Amino acid sequence: MLKLEHLTKQYKGGKKAVTDLSIHVHPGDIYGFIGQNGAGKTTTIKCVVGIHDFDEGEITIDGLSVIKNPLECKKHLAYIPDNPDLYDYLTGIQYLNFIADVFELSAEERKSAIETEAHDFGIYDSLGDLISSYSHGMKQKLAIIGALIHHPRLLILDEPFVGLDPEAALKLKEKMKALCAEGSAVFFSTHVLDVAEKLCNRIAMISHGKLVLEGNTEEVMGNKSLEQIFMEVAANGKTD
């Protein structure tokens with residue numbers, strides 16, 4: 001579903017944010033992407049979704065190159081950044097209809113999807129309000145609904161649980177599992193290690209832009225907790 005092969009991203013001044021990163025997210029995977037602040041997680045994600053270019057390597061989504069087929073790749077995915085930047089002058093329903101237009105959903109498809117997701121996340125009655133009046137958590141929920149209504153083949157999230165109340169966080173986990181049960185994949189960064197430990201079937205951890213460990217969650221953890229492994233990486237840049 002998602003392949004990163006020898007991805008390298010270098011910023012002006014010569015600093016490498018990501019170095020020779022290779023990972024493979026399969027259909028059905030809930031894949032956790034873990035690392036300290038500044039480790040290169042967000043940079044990697046922005047390369048995947050086409051916000052950043054990159055210097056070396058290849059990224060493919062469902063077999064399509066993000067360089068050669070950028071629009072086709074975007075049709076297959078949905079992306080939620082860590083701080084969604086929505087259109088404050090639109091109402092919630094106008095925003096969702098705009099997203100539905102982008103993905104060419106029929107009137108019947110969008111009505112059903114919007115009603116279902118908005119009820120599930122508890123903001124249906126607020127869809128007629130301006131987004132500028134929404135709390136941070138409501139904006140996060142609206143962004144999630146916008147990402148889900150076209151049933152993406154690949155859902156990419158950057159710190160998705162920040163700002164969500166416990167009920168919404170639980171609902172998002174259920175949605176992630178349901179998508180993957182249908183053959184889609186989820187790739188997300190998080191600092192909430194107990195969530196990654198319980199939710200993800202595969203994880204990767206990076207430090208200073210380099211892959212430190214990757215694989216099935218149980219195999220990567222062994223007899224340690226993910227928190228213990230994270231602290232080892234934070235201290236040493238590698239695990240024992």
# chains A, B, ... in the order shown; residues from 1 in each chain; ligands from 1

call {"tool": "residues_around", "arguments": {"residues": "Tyr87 of chain A", "least_positions_apart": "6", "cutoff": "12 Å", "atoms": "only C-alpha atoms", "output": "VMD selection string"}}
result
chain A and resid 93 to 96 98 to 99 130 to 134 139 142 to 143

call {"tool": "select_by_dssp", "arguments": {"residues": "segment 2-229 of chain A", "states": "helix (DSSP H, G or I)", "output": "MDAnalysis selection string"}}
result
chainID A and resid 41:48 70:76 92:102 107:120 124:126 131:133 136:148 166:181 193:199 217:221 226:229

call {"tool": "closest_residue", "arguments": {"among": "A:Ser106, A:Gln10, A:Ser135, A:Thr43", "to": "Asp88 of chain A", "atoms": "only C-alpha atoms"}}
result
A:Ser135

call {"tool": "closest_residue", "arguments": {"among": "A:Ala107, A:Ala168, A:Ile67, A:Ala118", "to": "Gly137 of chain A", "atoms": "only C-alpha atoms"}}
result
A:Ala168

call {"tool": "closest_atom_pairs", "arguments": {"of": "segment 10-34 of chain A", "to": "segment 149-157 of chain A", "cutoff": "10 Å", "atoms": "only C-alpha atoms", "output": "JSON lines"}}
result
{"residue": "A:Val25", "atom": "CA", "partner": "A:Leu154", "partner_atom": "CA", "distance": 9.4}
{"residue": "A:His26", "atom": "CA", "partner": "A:Leu154", "partner_atom": "CA", "distance": 9.8}
{"residue": "A:Pro27", "atom": "CA", "partner": "A:Arg153", "partner_atom": "CA", "distance": 8.3}
{"residue": "A:Gly28", "atom": "CA", "partner": "A:Leu154", "partner_atom": "CA", "distance": 9.7}
{"residue": "A:Asp29", "atom": "CA", "partner": "A:Leu154", "partner_atom": "CA", "distance": 9.8}
{"residue": "A:Ile30", "atom": "CA", "partner": "A:Leu155", "partner_atom": "CA", "distance": 9.5}
{"residue": "A:Tyr31", "atom": "CA", "partner": "A:Ile156", "partner_atom": "CA", "distance": 9.7}
{"residue": "A:Gly32", "atom": "CA", "partner": "A:Leu157", "partner_atom": "CA", "distance": 9.9}
{"residue": "A:Phe33", "atom": "CA", "partner": "A:Leu157", "partner_atom": "CA", "distance": 9.8}

call {"tool": "closest_residue", "arguments": {"among": "A:Phe161, A:Gly63, A:Asn223, A:Lys12", "to": "Gln140 of chain A", "atoms": "only C-alpha atoms"}}
result
A:Phe161

call {"tool": "residues_around", "arguments": {"residues": "Thr217 of chain A", "least_positions_apart": "4", "cutoff": "6 Å", "atoms": "only C-alpha atoms", "output": "VMD selection string"}}
result
chain A and resid 201 to 203

call {"tool": "write_last_selection", "arguments": {"atoms": "all heavy atoms", "output": "short mmCIF file (atom, residue, chain, number, x, y, z; two decimals), in the first residue's frame"}}
result
data_model
loop_
_atom_site.label_atom_id
_atom_site.label_comp_id
_atom_site.auth_asym_id
_atom_site.auth_seq_id
_atom_site.Cartn_x
_atom_site.Cartn_y
_atom_site.Cartn_z
N ASN A 201 -0.32 -3.17 14.58
CA ASN A 201 0.26 -4.49 14.34
C ASN A 201 1.71 -4.37 13.86
O ASN A 201 2.48 -5.33 13.97
CB ASN A 201 -0.57 -5.28 13.32
CG ASN A 201 -0.55 -4.66 11.93
OD1 ASN A 201 -0.95 -3.50 11.77
ND2 ASN A 201 -0.10 -5.41 10.93
N ARG A 202 2.08 -3.18 13.36
CA ARG A 202 3.47 -2.94 12.98
C ARG A 202 3.87 -1.54 13.43
O ARG A 202 3.03 -0.62 13.47
CB ARG A 202 3.67 -3.06 11.46
CG ARG A 202 3.49 -4.46 10.93
CD ARG A 202 3.78 -4.53 9.43
NE ARG A 202 5.19 -4.29 9.12
CZ ARG A 202 6.14 -5.22 9.21
NH1 ARG A 202 5.84 -6.45 9.60
NH2 ARG A 202 7.39 -4.95 8.90
N ILE A 203 5.14 -1.39 13.76
CA ILE A 203 5.65 -0.08 14.17
C ILE A 203 7.04 0.14 13.58
O ILE A 203 7.76 -0.81 13.26
CB ILE A 203 5.73 0.07 15.70
CG1 ILE A 203 6.59 -1.02 16.33
CG2 ILE A 203 4.35 0.11 16.32
CD1 ILE A 203 6.82 -0.84 17.82
#

call {"tool": "atom_distance", "arguments": {"atom1": "atom CA of Ile123 of chain A", "atom2": "atom CA of His76 of chain A"}}
result
25.9 Å

call {"tool": "closest_atom_pairs", "arguments": {"of": "segment 46-149 of chain A", "to": "segment 171-187 of chain A", "cutoff": "12 Å", "atoms": "only C-alpha atoms", "output": "tab-separated table"}}
result
residue	atom	partner	partner_atom	distance
A:Val48	CA	A:Phe187	CA	10.5
A:Val49	CA	A:Phe187	CA	11.5
A:Ile61	CA	A:Ala185	CA	10.7
A:Asp62	CA	A:Ser184	CA	10.1
A:His76	CA	A:Ser184	CA	9.7
A:Leu77	CA	A:Ala185	CA	9.5
A:Ala78	CA	A:Val186	CA	9.7
A:Tyr79	CA	A:Phe187	CA	9.7
A:Ile80	CA	A:Phe187	CA	10.8
A:Thr116	CA	A:Lys175	CA	11.6
A:Glu117	CA	A:Lys175	CA	9.5
A:Ala118	CA	A:Lys171	CA	11.4
A:His119	CA	A:Lys171	CA	11.1
A:Asp120	CA	A:Lys171	CA	7.4
A:Phe121	CA	A:Lys171	CA	7.1
A:Gly122	CA	A:Lys171	CA	10.2
A:Gln140	CA	A:Leu172	CA	11.0
A:Lys141	CA	A:Leu172	CA	9.1
A:Leu142	CA	A:Leu172	CA	12.0
A:Ala143	CA	A:Leu172	CA	11.7
A:Ile144	CA	A:Leu172	CA	8.2
A:Ile145	CA	A:Leu172	CA	9.7
A:Ala147	CA	A:Lys175	CA	11.1
A:Leu148	CA	A:Lys175	CA	8.4
A:Ile149	CA	A:Lys175	CA	11.2

call {"tool": "atom_distance", "arguments": {"atom1": "atom CA of Ile59 of chain A", "atom2": "atom CA of Gly146 of chain A"}}
result
24.2 Å

call {"tool": "atom_distance", "arguments": {"atom1": "atom CA of Glu197 of chain A", "atom2": "atom CA of Glu214 of chain A"}}
result
13.2 Å

call {"tool": "select_by_dssp", "arguments": {"residues": "segment 193-234 of chain A", "states": "strand (DSSP E or B)", "output": "list in words"}}
result
Arg202, Ile203, Ala204, Met205, Ile206, Ser207, Lys210, Leu211, Val212, Leu213, Glu214, Gly215 and Asn216 of chain A

call {"tool": "write_last_selection", "arguments": {"atoms": "N, CA and C atoms", "output": "mmCIF file, in the first residue's frame"}}
result
data_model
loop_
_atom_site.group_PDB
_atom_site.id
_atom_site.type_symbol
_atom_site.label_atom_id
_atom_site.label_comp_id
_atom_site.auth_asym_id
_atom_site.auth_seq_id
_atom_site.Cartn_x
_atom_site.Cartn_y
_atom_site.Cartn_z
ATOM 1 N N ARG A 202 2.081 -3.177 13.365
ATOM 2 C CA ARG A 202 3.472 -2.936 12.977
ATOM 3 C C ARG A 202 3.870 -1.535 13.435
ATOM 4 N N ILE A 203 5.145 -1.389 13.760
ATOM 5 C CA ILE A 203 5.653 -0.084 14.173
ATOM 6 C C ILE A 203 7.041 0.135 13.582
ATOM 7 N N ALA A 204 7.384 1.403 13.461
ATOM 8 C CA ALA A 204 8.751 1.800 13.121
ATOM 9 C C ALA A 204 9.142 2.927 14.059
ATOM 10 N N MET A 205 10.403 2.940 14.447
ATOM 11 C CA MET A 205 10.904 4.007 15.305
ATOM 12 C C MET A 205 12.108 4.639 14.634
ATOM 13 N N ILE A 206 12.098 5.976 14.571
ATOM 14 C CA ILE A 206 13.230 6.677 13.977
ATOM 15 C C ILE A 206 13.864 7.599 15.005
ATOM 16 N N SER A 207 15.147 7.870 14.808
ATOM 17 C CA SER A 207 15.904 8.781 15.662
ATOM 18 C C SER A 207 16.849 9.569 14.776
ATOM 19 N N LYS A 210 16.835 8.629 11.083
ATOM 20 C CA LYS A 210 17.248 7.294 10.642
ATOM 21 C C LYS A 210 16.398 6.221 11.308
ATOM 22 N N LEU A 211 16.113 5.169 10.564
ATOM 23 C CA LEU A 211 15.323 4.063 11.095
ATOM 24 C C LEU A 211 16.136 3.315 12.149
ATOM 25 N N VAL A 212 15.535 3.154 13.339
ATOM 26 C CA VAL A 212 16.197 2.453 14.429
ATOM 27 C C VAL A 212 15.696 1.018 14.538
ATOM 28 N N LEU A 213 14.385 0.851 14.421
ATOM 29 C CA LEU A 213 13.803 -0.486 14.455
ATOM 30 C C LEU A 213 12.482 -0.478 13.705
ATOM 31 N N GLU A 214 12.080 -1.655 13.236
ATOM 32 C CA GLU A 214 10.852 -1.774 12.456
ATOM 33 C C GLU A 214 10.418 -3.221 12.435
ATOM 34 N N GLY A 215 9.117 -3.459 12.459
ATOM 35 C CA GLY A 215 8.622 -4.821 12.342
ATOM 36 C C GLY A 215 7.291 -5.003 13.033
ATOM 37 N N ASN A 216 6.879 -6.270 13.182
ATOM 38 C CA ASN A 216 5.664 -6.571 13.919
ATOM 39 C C ASN A 216 5.806 -6.078 15.358
#

call {"tool": "residues_around", "arguments": {"residues": "Leu193 of chain A", "least_positions_apart": "6", "cutoff": "12 Å", "atoms": "only C-alpha atoms", "output": "PyMOL selection string"}}
result
chain A and resi 32-36+159+161+199-200+203+205+217+221+225-231

call {"tool": "write_last_selection", "arguments": {"atoms": "N, CA and C atoms", "output": "CSV table (one decimal), in the first residue's frame"}}
result
chain,number,residue,atom,x,y,z
A,32,GLY,N,2.3,2.2,13.3
A,32,GLY,CA,2.7,3.3,14.1
A,32,GLY,C,4.1,3.8,13.8
A,33,PHE,N,4.2,5.1,13.7
A,33,PHE,CA,5.5,5.7,13.3
A,33,PHE,C,5.9,6.6,14.5
A,34,ILE,N,7.0,6.2,15.2
A,34,ILE,CA,7.3,6.7,16.5
A,34,ILE,C,8.7,7.3,16.5
A,35,GLY,N,8.9,8.4,17.3
A,35,GLY,CA,10.2,9.0,17.5
A,35,GLY,C,10.0,10.3,18.3
A,36,GLN,N,11.2,10.8,18.7
A,36,GLN,CA,11.2,12.0,19.5
A,36,GLN,C,10.8,13.2,18.7
A,159,GLU,N,0.0,12.6,14.8
A,159,GLU,CA,-0.5,12.9,16.1
A,159,GLU,C,-2.0,13.0,16.2
A,161,PHE,N,-4.4,11.8,18.1
A,161,PHE,CA,-5.2,11.8,19.3
A,161,PHE,C,-5.0,13.0,20.2
A,199,LEU,N,-2.7,-0.8,19.7
A,199,LEU,CA,-3.5,-0.6,18.4
A,199,LEU,C,-2.7,-1.1,17.2
A,200,CYS,N,-1.4,-0.9,17.1
A,200,CYS,CA,-0.6,-1.2,15.9
A,200,CYS,C,-0.2,-2.6,15.8
A,203,ILE,N,5.1,-1.4,13.8
A,203,ILE,CA,5.7,-0.1,14.2
A,203,ILE,C,7.0,0.1,13.6
A,205,MET,N,10.4,2.9,14.4
A,205,MET,CA,10.9,4.0,15.3
A,205,MET,C,12.1,4.6,14.6
A,217,THR,N,4.8,-5.5,15.9
A,217,THR,CA,4.8,-4.9,17.2
A,217,THR,C,5.3,-5.8,18.3
A,221,MET,N,8.9,-5.4,20.3
A,221,MET,CA,8.9,-5.1,21.8
A,221,MET,C,9.6,-6.2,22.6
A,225,SER,N,8.3,-3.0,27.3
A,225,SER,CA,7.2,-2.2,26.8
A,225,SER,C,7.8,-1.2,25.8
A,226,LEU,N,6.8,-0.7,25.0
A,226,LEU,CA,7.2,0.3,24.0
A,226,LEU,C,7.8,1.5,24.6
A,227,GLU,N,7.4,1.9,25.8
A,227,GLU,CA,7.9,3.0,26.5
A,227,GLU,C,9.4,2.8,26.9
A,228,GLN,N,9.7,1.6,27.3
A,228,GLN,CA,11.1,1.3,27.7
A,228,GLN,C,12.0,1.4,26.4
A,229,ILE,N,11.5,0.8,25.3
A,229,ILE,CA,12.3,0.9,24.1
A,229,ILE,C,12.5,2.4,23.6
A,230,PHE,N,11.4,3.1,23.7
A,230,PHE,CA,11.5,4.5,23.3
A,230,PHE,C,12.5,5.3,24.2
A,231,MET,N,12.6,5.0,25.5
A,231,MET,CA,13.5,5.7,26.4
A,231,MET,C,14.9,5.3,26.0
